[in-house]
Each structure stands twice: as C-alpha cells, then as structure tokens.
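What follows is a short report on a single structure.
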Amino acid sequence: MSIRPEEYHSAEVFARERERVFGSRLFAGSAWRFDGPDAYRAYLAGNHALVTRKAGDRFHTLDNVCLHRGNLIHPLGYGEKPLRCGYHAWQYAPDGALSHAPLADPACIARKQLQSYPTAELRGLLFADLSGRAPALEAARRVLDRIGFDLDAGARPFRCHSVEHRANWKLLVENVTEAYHVSFLHGPSFVSQGYASAGGYEWGAEGDCSWHVMHAKEGLDARVRRLIPQSHREFTHAFVYPNLFVAVTSGLIAYIGHFLPTSAGTTLLETELYETPLLMRQKDAIREHFKAAAGPFSALVIEEDRVQLESSQLGLPYARGPHQLVPAEARVGHFQKTYREAMDAV
Ligand code: FES
Ligand SMILES: [Fe+2]
C-alpha cells in the first residue's frame with residue numbers, strides 16, 4: 001500500500017495525480033481574498049486552469065481560459081479585475097456566461113459558457129470540486145473541530161508568505177503528518193518551545209483527512225499562562241486532503257498552509273498566520289507580542305523543513321525500496337493509504 005520511490009519524481013505519475021488526486025475536492029483559497037470588488041485568484045490545479053471569484057455572497061470557480069482563442073483570462077496569482085480577457089476583450093458574467101464579444105456577431109459563437117465548478121466555504125476556507133460534485137466537507141469539518149480551529153468572521157491574516165520547494169508535494173504532506181522528526185530537525189524552533197519527538201502525541205483520521213496533537217513539556221509556559229490563562233501547551237494540526245494544512249499553536253495562533261504542485265519535483269506552499277479568537281480578546285500589547293514571535297517562528301520551521309525535503313527529493317531517485325515507516329509515523333501511513341486508493345481505483 002506504500003508509495004514507491006519513483007512516484008516522488010516521475011512525470012507520468014504526476015500526470016496521473018493531476019487527474020486522480022487533484023481532480024476532485026481541493027482547497028481553493030481563503031475566503032477573505034475575494035472580498036474586494038473583482039478580486040480573483042487564478043491558478044493551475046489538476047488538469048485545469050482555474051479562477052475563483054466572488055459575486056454577491058456566492059463563490060465561483062471557473063475555467064480561466066478564454067472561449068475565443070484560449071488565452072488565460074487572468075494572469076496566474078491574485079488580483080482585482082473584471083472577468084474580461086485581455087486579448088480581444090471578451091467579457092464574462094460571474095457565472096462564466098459570455099456577456100460581450102466586441103465587434104462579433106453572437107450568432108457566430110458556438111461555445112458561450114466557461115466551465116464552472118461547485119465551490120463551498122467552511123470557516124473561511126474555500127473548497128472547489130473539479131469533478132462537478134458539491135465539495136464533500138464533513139471529514140474536513142470534523143478534523144477542524146478536533147484541532148480547535150475557528151476564526152472570527154472577518155479575521156484577516158497578519159502574515160502571508162509563499163515558499164517554493166524543490167520537492168514533490170507528497171514529501172510536504174508526509175513531513176507535516178508526523179512529529180518523529182521534531183527533535184532532530186527543529187532544535188531552534190519546536191524543541192526550544194518544549195516539543196520533542198518522544199513528547200505527548202495523539203493522532204486520528206476522519207475519512208481522507210487526519211489530525212494530530214503535540215503536547216509541549218510543562219514548565220516553559222508559566223509566563224504565557226500568566227498572560228493568557230486559557231492558552232495551552234499544544235500544537236494541533238489538521239491535514240485536509242489533498243492540499244491544505246491547518247494548525248493552531250497554544251490556542252493563540254492559527255496557521256493555514258496550502259500548496260499546489262508545480263511539477264513532479266516542485267511545490268509552491270502559501271501560508272497565512274491569524275490570531276485566534278482567544279488572542280484577539282487580549283490587550284493590544286499582548287496580541288502584538290505573540291504576533292511578533294509567531295512570524296519568525298513559522299518562517300524558521302518552514303525553512304528547517306524545506307532544506308530537509310529538498311534533500312529527500314535528491315535522495316529518493318536512488319532509494320532501493322519504499323519508506324520504512326515506524327509506528328510513530330502511522331499518520332503518514334494513513335495518507336499513503338488514501339493516496340494509493342485514489343491512484344489505483346479502477
Ligand atoms: S483570446 Fe480572449 S478575447 Fe481573444
Ligand atoms: Fe517539520
């Protein structure tokens with residue numbers, strides 16, 4: 001049931017993943033990104049060039065490819081523009097219907113509707129389903145509940161950051177779904193905060209999603225507890241298959257990390273940090289203190305992991321067999337099983 005070494009770098013496998021893994025429900029972006037008039041996100045996912053937008057209180061995910069001559073309607077990334085192609089100005093309604101083609105007789109145009117994909121919001125997180133079904137969100141809801149993730153309506157991140165990884169996307173998933181490496185890789189970050197590979201750890205799965213809780217050593221938290229008695233010494237983490245990570249530190253800082261593979265060997269990770277409702281209720285000076293510490297901490301953890309993942313990417317073509325997972329990596333095993341089922345389904 002495990003993932004074979006060549007599946008971390010093969011272009012053929014990546015082509016199959018685009019259909020099998022990234023061709024149905026996936027994370028499409030944080031809802032706040034679409035609040036501005038004409039705000040959009042244009043991105044490549046599965047076998048699709050997509051754009052997600054909001055009209056009124058509805059989110060729309062559409063093909064981002066012009067019906068005229070196949071131009072990308074919006075350049076890749078985030079922006080604010082009407083849904084109008086830059087080449088010959090064909091214009092589209094929010095639901096993807098062609099609304100205007102300058103200097104053209106509409107009777108001569110056969111295809112007038114951009115393909116659209118069901119899109120739904122869960123706690124400020126947007127999911128699209130490229131298979132055309134309504135996005136299945138029950139497992140995601142349960143793992144978010146389990147890790148205590150919730151944000152105030154209207155919450156905005158205080159830090160956004162993108163990191164290119166020269167590593168296959170599955171290495172990112174496997175890395176964040178175990179705490180085995182914490183003592184050996186995260187000395188300056190997690191270990192200094194009281195977390196360890198052999199520390200308290202629980203995990204569980206809900207359908208294709210999973211979660212874990214890491215408990216920090218007691219004793220380092222006296223000052224935090226004095227400032228915010230309801231905070232705790234836990235790092236909780238959820239994986240919403242296939243491309244979303246959500247984490248909460250001490251009940252104070254929420255992290256949203258999502259990725260899209262850009263090739264078999266490269267992955268773009270985008271991250272956002274938020275104050276939780278608990279932190280938002282504190283005095284300004286306390287909020288600022290925790291926010292100022294959270295940004296560099298998160299960047300350090302991601303950098304420590306990135307260097308290691310890129311090393312794994314270099315090693316895997318020479319591996320003589322699949323990973324040999326130990327019991328502490330059972331959550332990685334759950335991901336591998338989910339992946340195998342998606343890839344091998346007939
Ligand atoms: S390609 Fe879009 S209007 Fe011509
Ligand atoms: Fe890590």
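Residue names in the structure tokens use chain letters A, B, ... in the order shown, residue numbers from 1 in each chain, and ligand numbers from 1 in the order shown.
Using only C-alpha atoms and all ligand atoms, residues with at least one atom at most 7 Å away from any atom of ligand 2 are Asn175, Val176, His181, Val182, Leu185, His186, Val301, Glu304 and Asp305 of chain A.
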Listing only residues of chain A within 7 Å of ligand 1, what is the closest atom pair and its distance in Å (to one decimal) for each, using only C-alpha atoms and all ligand atoms, sorted by chain and residue number ascending, as CSV?
residue,atom,partner,partner_atom_place_in_ligand_line,distance
A:Cys66,CA,ligand 1,2 (Fe),4.6
A:Leu67,CA,ligand 1,2 (Fe),6.5
A:His68,CA,ligand 1,1 (S),4.7
A:Arg69,CA,ligand 1,1 (S),4.0
A:Gly70,CA,ligand 1,1 (S),5.4
A:Asn71,CA,ligand 1,1 (S),4.6
A:Ile73,CA,ligand 1,2 (Fe),6.5
A:Cys85,CA,ligand 1,2 (Fe),4.6
A:Gly86,CA,ligand 1,2 (Fe),6.4
A:Tyr87,CA,ligand 1,4 (Fe),4.7
A:His88,CA,ligand 1,3 (S),3.6
A:Ala89,CA,ligand 1,3 (S),4.8
A:Trp90,CA,ligand 1,3 (S),4.4
Please identify all polymer residues within 12 Å of Glu303 in chain A, counting only C-alpha atoms, omitting same-chain residues fewer than 2 positions from it, and present them as a PDB file with N, CA and C atoms, in the first residue's frame.
ATOM      1  N   HIS A 161       2.889  34.405   3.313  1.00  0.00           N
ATOM      2  CA  HIS A 161       4.234  34.085   2.865  1.00  0.00           C
ATOM      3  C   HIS A 161       4.134  32.921   1.869  1.00  0.00           C
ATOM      4  N   SER A 162       4.934  32.957   0.807  1.00  0.00           N
ATOM      5  CA  SER A 162       4.968  31.836  -0.152  1.00  0.00           C
ATOM      6  C   SER A 162       6.378  31.265  -0.191  1.00  0.00           C
ATOM      7  N   VAL A 163       6.476  29.961  -0.256  1.00  0.00           N
ATOM      8  CA  VAL A 163       7.798  29.316  -0.296  1.00  0.00           C
ATOM      9  C   VAL A 163       7.799  28.239  -1.377  1.00  0.00           C
ATOM     10  N   GLU A 164       8.669  28.409  -2.354  1.00  0.00           N
ATOM     11  CA  GLU A 164       8.891  27.370  -3.370  1.00  0.00           C
ATOM     12  C   GLU A 164       9.690  26.232  -2.745  1.00  0.00           C
ATOM     13  N   HIS A 165       9.252  25.013  -2.981  1.00  0.00           N
ATOM     14  CA  HIS A 165      10.006  23.843  -2.532  1.00  0.00           C
ATOM     15  C   HIS A 165      10.453  23.049  -3.760  1.00  0.00           C
ATOM     16  N   LEU A 185      15.224  17.848  13.810  1.00  0.00           N
ATOM     17  CA  LEU A 185      15.247  18.877  12.765  1.00  0.00           C
ATOM     18  C   LEU A 185      14.879  20.263  13.301  1.00  0.00           C
ATOM     19  N   HIS A 186      14.170  20.301  14.391  1.00  0.00           N
ATOM     20  CA  HIS A 186      13.592  21.581  14.816  1.00  0.00           C
ATOM     21  C   HIS A 186      14.125  22.062  16.161  1.00  0.00           C
ATOM     22  N   PRO A 188      16.114  24.684  16.984  1.00  0.00           N
ATOM     23  CA  PRO A 188      15.944  26.107  17.278  1.00  0.00           C
ATOM     24  C   PRO A 188      14.482  26.537  17.367  1.00  0.00           C
ATOM     25  N   SER A 189      13.571  25.750  16.841  1.00  0.00           N
ATOM     26  CA  SER A 189      12.167  26.193  16.819  1.00  0.00           C
ATOM     27  C   SER A 189      11.342  25.365  17.811  1.00  0.00           C
ATOM     28  N   LEU A 269       4.197  26.386  -1.668  1.00  0.00           N
ATOM     29  CA  LEU A 269       3.444  26.433  -0.413  1.00  0.00           C
ATOM     30  C   LEU A 269       3.113  27.891  -0.100  1.00  0.00           C
ATOM     31  N   PRO A 296       8.405  34.973  12.741  1.00  0.00           N
ATOM     32  CA  PRO A 296       9.736  34.356  12.608  1.00  0.00           C
ATOM     33  C   PRO A 296       9.736  32.869  12.972  1.00  0.00           C
ATOM     34  N   PHE A 297       8.922  32.466  13.955  1.00  0.00           N
ATOM     35  CA  PHE A 297       8.864  31.046  14.337  1.00  0.00           C
ATOM     36  C   PHE A 297       8.379  30.211  13.156  1.00  0.00           C
ATOM     37  N   SER A 298       7.295  30.651  12.547  1.00  0.00           N
ATOM     38  CA  SER A 298       6.733  29.912  11.418  1.00  0.00           C
ATOM     39  C   SER A 298       7.726  29.853  10.254  1.00  0.00           C
ATOM     40  N   ALA A 299       8.369  30.987   9.963  1.00  0.00           N
ATOM     41  CA  ALA A 299       9.332  31.021   8.852  1.00  0.00           C
ATOM     42  C   ALA A 299      10.500  30.067   9.125  1.00  0.00           C
ATOM     43  N   LEU A 300      10.943  30.016  10.386  1.00  0.00           N
ATOM     44  CA  LEU A 300      12.058  29.140  10.745  1.00  0.00           C
ATOM     45  C   LEU A 300      11.681  27.669  10.578  1.00  0.00           C
ATOM     46  N   VAL A 301      10.494  27.296  11.045  1.00  0.00           N
ATOM     47  CA  VAL A 301      10.052  25.899  10.922  1.00  0.00           C
ATOM     48  C   VAL A 301       9.978  25.510   9.447  1.00  0.00           C
ATOM     49  N   ASP A 305      12.263  22.653   7.536  1.00  0.00           N
ATOM     50  CA  ASP A 305      11.648  21.547   6.796  1.00  0.00           C
ATOM     51  C   ASP A 305      12.026  21.583   5.313  1.00  0.00           C
ATOM     52  N   ARG A 306      12.014  22.787   4.722  1.00  0.00           N
ATOM     53  CA  ARG A 306      12.281  22.886   3.285  1.00  0.00           C
ATOM     54  C   ARG A 306      13.645  22.293   2.920  1.00  0.00           C
ATOM     55  N   VAL A 307      14.653  22.647   3.687  1.00  0.00           N
ATOM     56  CA  VAL A 307      16.011  22.147   3.406  1.00  0.00           C
ATOM     57  C   VAL A 307      16.011  20.619   3.440  1.00  0.00           C
ATOM     58  N   GLN A 308      15.316  20.058   4.435  1.00  0.00           N
ATOM     59  CA  GLN A 308      15.281  18.606   4.571  1.00  0.00           C
ATOM     60  C   GLN A 308      14.510  17.955   3.423  1.00  0.00           C
ATOM     61  N   LEU A 309      13.387  18.557   3.049  1.00  0.00           N
ATOM     62  CA  LEU A 309      12.560  17.966   1.979  1.00  0.00           C
ATOM     63  C   LEU A 309      13.295  17.981   0.650  1.00  0.00           C
ATOM     64  N   GLU A 310      14.063  19.034   0.417  1.00  0.00           N
ATOM     65  CA  GLU A 310      14.811  19.103  -0.840  1.00  0.00           C
ATOM     66  C   GLU A 310      15.929  18.049  -0.841  1.00  0.00           C
TER      67      GLU A 310
END
The residue from A:Ala264, A:Val21, A:Leu325, A:Ala11 with the smallest atom-to-atom distance to Asn47 in chain A, counting only C-alpha atoms, is A:Val21
What's around Ala198 in chain A at 10 Å? Count only C-alpha atoms, leave out sequence neighbours fewer than 5 positions away in its own chain, and write the answer as a list in words.
Ala179, Tyr180, His181, Val182, Ser183, Met214 and Ala328 of chain A
Ranking A:Ala104, A:Leu98, A:Leu44, A:Ala238 by minimum distance to Pro75 in chain A and counting only C-alpha atoms, which one comes first?
A:Leu44
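Of note, CA of Ala285 in chain A and CA of Gly194 in chain A are spaced 24.1 Å apart.
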Apply DSSP to the structure's backbone, then extract all residues of range 62-280 of chain A labelled strand (DSSP E) and return them as a ChimeraX atom specification.
/A:62-63,77-80,91-92,98-100,116-117,119-122,125-129,159-165,201-206,209-215,234-240,244-249,253-263,266-275
Export of prior selection with C-alpha atoms as a short mmCIF file (atom, residue, chain, number, x, y, z; two decimals), in the first residue's frame:
data_model
loop_
_atom_site.label_atom_id
_atom_site.label_comp_id
_atom_site.auth_asym_id
_atom_site.auth_seq_id
_atom_site.Cartn_x
_atom_site.Cartn_y
_atom_site.Cartn_z
CA LEU A 62 -14.44 28.76 -13.42
CA ASP A 63 -12.12 27.76 -16.22
CA GLY A 77 -1.89 34.78 -8.97
CA TYR A 78 -4.12 37.12 -7.01
CA GLY A 79 -5.54 40.36 -8.41
CA GLU A 80 -8.55 42.58 -8.91
CA GLN A 91 -16.31 39.66 -21.20
CA TYR A 92 -17.92 37.09 -18.89
CA LEU A 98 -20.08 35.08 -22.17
CA SER A 99 -21.72 38.50 -21.90
CA HIS A 100 -19.97 40.55 -24.57
CA SER A 116 -17.82 26.13 -13.71
CA TYR A 117 -17.07 24.00 -10.62
CA THR A 119 -17.37 25.90 -4.66
CA ALA A 120 -18.24 26.00 -0.96
CA GLU A 121 -16.97 27.77 2.16
CA LEU A 122 -16.16 26.16 5.50
CA LEU A 125 -11.80 28.19 3.82
CA LEU A 126 -12.92 27.70 0.23
CA PHE A 127 -13.10 24.34 -1.48
CA ALA A 128 -13.84 23.65 -5.13
CA ASP A 129 -14.67 20.26 -6.59
CA ARG A 159 1.35 37.47 7.81
CA CYS A 160 1.26 35.86 4.34
CA HIS A 161 4.23 34.09 2.87
CA SER A 162 4.97 31.84 -0.15
CA VAL A 163 7.80 29.32 -0.30
CA GLU A 164 8.89 27.37 -3.37
CA HIS A 165 10.01 23.84 -2.53
CA TYR A 201 1.29 12.89 20.77
CA GLU A 202 -2.11 11.75 19.56
CA TRP A 203 -3.45 11.43 16.08
CA GLY A 204 -6.60 10.34 14.32
CA ALA A 205 -8.22 10.15 10.90
CA GLU A 206 -11.57 11.19 9.51
CA CYS A 209 -8.35 13.82 6.40
CA SER A 210 -6.28 13.49 9.58
CA TRP A 211 -5.15 15.42 12.66
CA HIS A 212 -2.58 15.30 15.42
CA VAL A 213 -1.93 16.99 18.74
CA MET A 214 1.58 17.51 20.13
CA HIS A 215 1.90 18.35 23.82
CA GLU A 234 -0.45 22.14 22.44
CA PHE A 235 0.37 22.28 18.78
CA THR A 236 -2.61 20.90 16.89
CA HIS A 237 -2.51 20.09 13.20
CA ALA A 238 -5.02 19.01 10.55
CA PHE A 239 -4.49 17.80 7.01
CA VAL A 240 -7.41 18.26 4.68
CA LEU A 244 -4.50 22.04 2.95
CA PHE A 245 -2.75 22.16 6.33
CA VAL A 246 -4.25 23.94 9.31
CA ALA A 247 -2.52 24.29 12.68
CA VAL A 248 -3.16 26.03 15.98
CA THR A 249 -0.34 26.88 18.43
CA ILE A 253 -2.03 31.46 16.55
CA ALA A 254 -3.75 29.76 13.62
CA TYR A 255 -1.78 28.71 10.55
CA ILE A 256 -3.22 27.96 7.14
CA GLY A 257 -0.81 26.41 4.67
CA HIS A 258 -1.86 25.21 1.27
CA PHE A 259 0.09 24.06 -1.71
CA LEU A 260 -0.18 23.32 -5.36
CA PRO A 261 2.35 21.12 -7.10
CA THR A 262 4.01 22.94 -10.00
CA SER A 263 5.77 19.81 -11.35
CA THR A 266 8.41 21.33 -7.26
CA THR A 267 5.65 22.57 -4.97
CA LEU A 268 4.52 26.07 -4.04
CA LEU A 269 3.44 26.43 -0.41
CA GLU A 270 1.42 29.52 0.56
CA THR A 271 0.98 30.29 4.23
CA GLU A 272 -1.12 32.62 6.34
CA LEU A 273 -0.98 33.33 10.08
CA TYR A 274 -4.02 34.53 12.04
CA GLU A 275 -4.83 35.47 15.58
#
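The interatomic distance for the pair CA of Pro37 in chain A and CA of Val51 in chain A works out to 14.8 Å.
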Write down as number ranges by chain the residues belonging to range 7-128 of chain A that are assigned alpha helix (DSSP H) by DSSP computed on the backbone.
A: 11-20
Output file for the residues above (N, CA and C atoms, as a short mmCIF file (atom, residue, chain, number, x, y, z; two decimals), in the first residue's frame):
data_model
loop_
_atom_site.label_atom_id
_atom_site.label_comp_id
_atom_site.auth_asym_id
_atom_site.auth_seq_id
_atom_site.Cartn_x
_atom_site.Cartn_y
_atom_site.Cartn_z
N ALA A 11 7.30 12.01 -14.01
CA ALA A 11 6.36 12.90 -14.70
C ALA A 11 5.06 12.18 -15.04
N GLU A 12 5.16 10.86 -15.34
CA GLU A 12 3.94 10.11 -15.68
C GLU A 12 3.04 9.98 -14.45
N VAL A 13 3.65 9.71 -13.32
CA VAL A 13 2.86 9.61 -12.08
C VAL A 13 2.21 10.96 -11.78
N PHE A 14 2.97 12.03 -11.95
CA PHE A 14 2.43 13.36 -11.68
C PHE A 14 1.22 13.64 -12.58
N ALA A 15 1.30 13.23 -13.84
CA ALA A 15 0.17 13.44 -14.75
C ALA A 15 -1.07 12.68 -14.24
N ARG A 16 -0.85 11.49 -13.73
CA ARG A 16 -1.98 10.71 -13.19
C ARG A 16 -2.52 11.35 -11.91
N GLU A 17 -1.64 11.88 -11.07
CA GLU A 17 -2.08 12.55 -9.83
C GLU A 17 -2.96 13.76 -10.14
N ARG A 18 -2.61 14.47 -11.23
CA ARG A 18 -3.40 15.67 -11.55
C ARG A 18 -4.85 15.31 -11.77
N GLU A 19 -5.06 14.11 -12.30
CA GLU A 19 -6.44 13.66 -12.52
C GLU A 19 -7.00 12.99 -11.27
N ARG A 20 -6.22 12.08 -10.66
CA ARG A 20 -6.73 11.21 -9.60
C ARG A 20 -6.77 11.88 -8.22
#
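Straight-line separation from CA of His232 in chain A to CA of Ala216 in chain A: 9.1 Å.
In this comparison, which uses only C-alpha atoms, the residue of A:Glu6, A:Glu138, A:Asp38, A:Asp152 approaching Leu279 in chain A most closely is A:Asp152.
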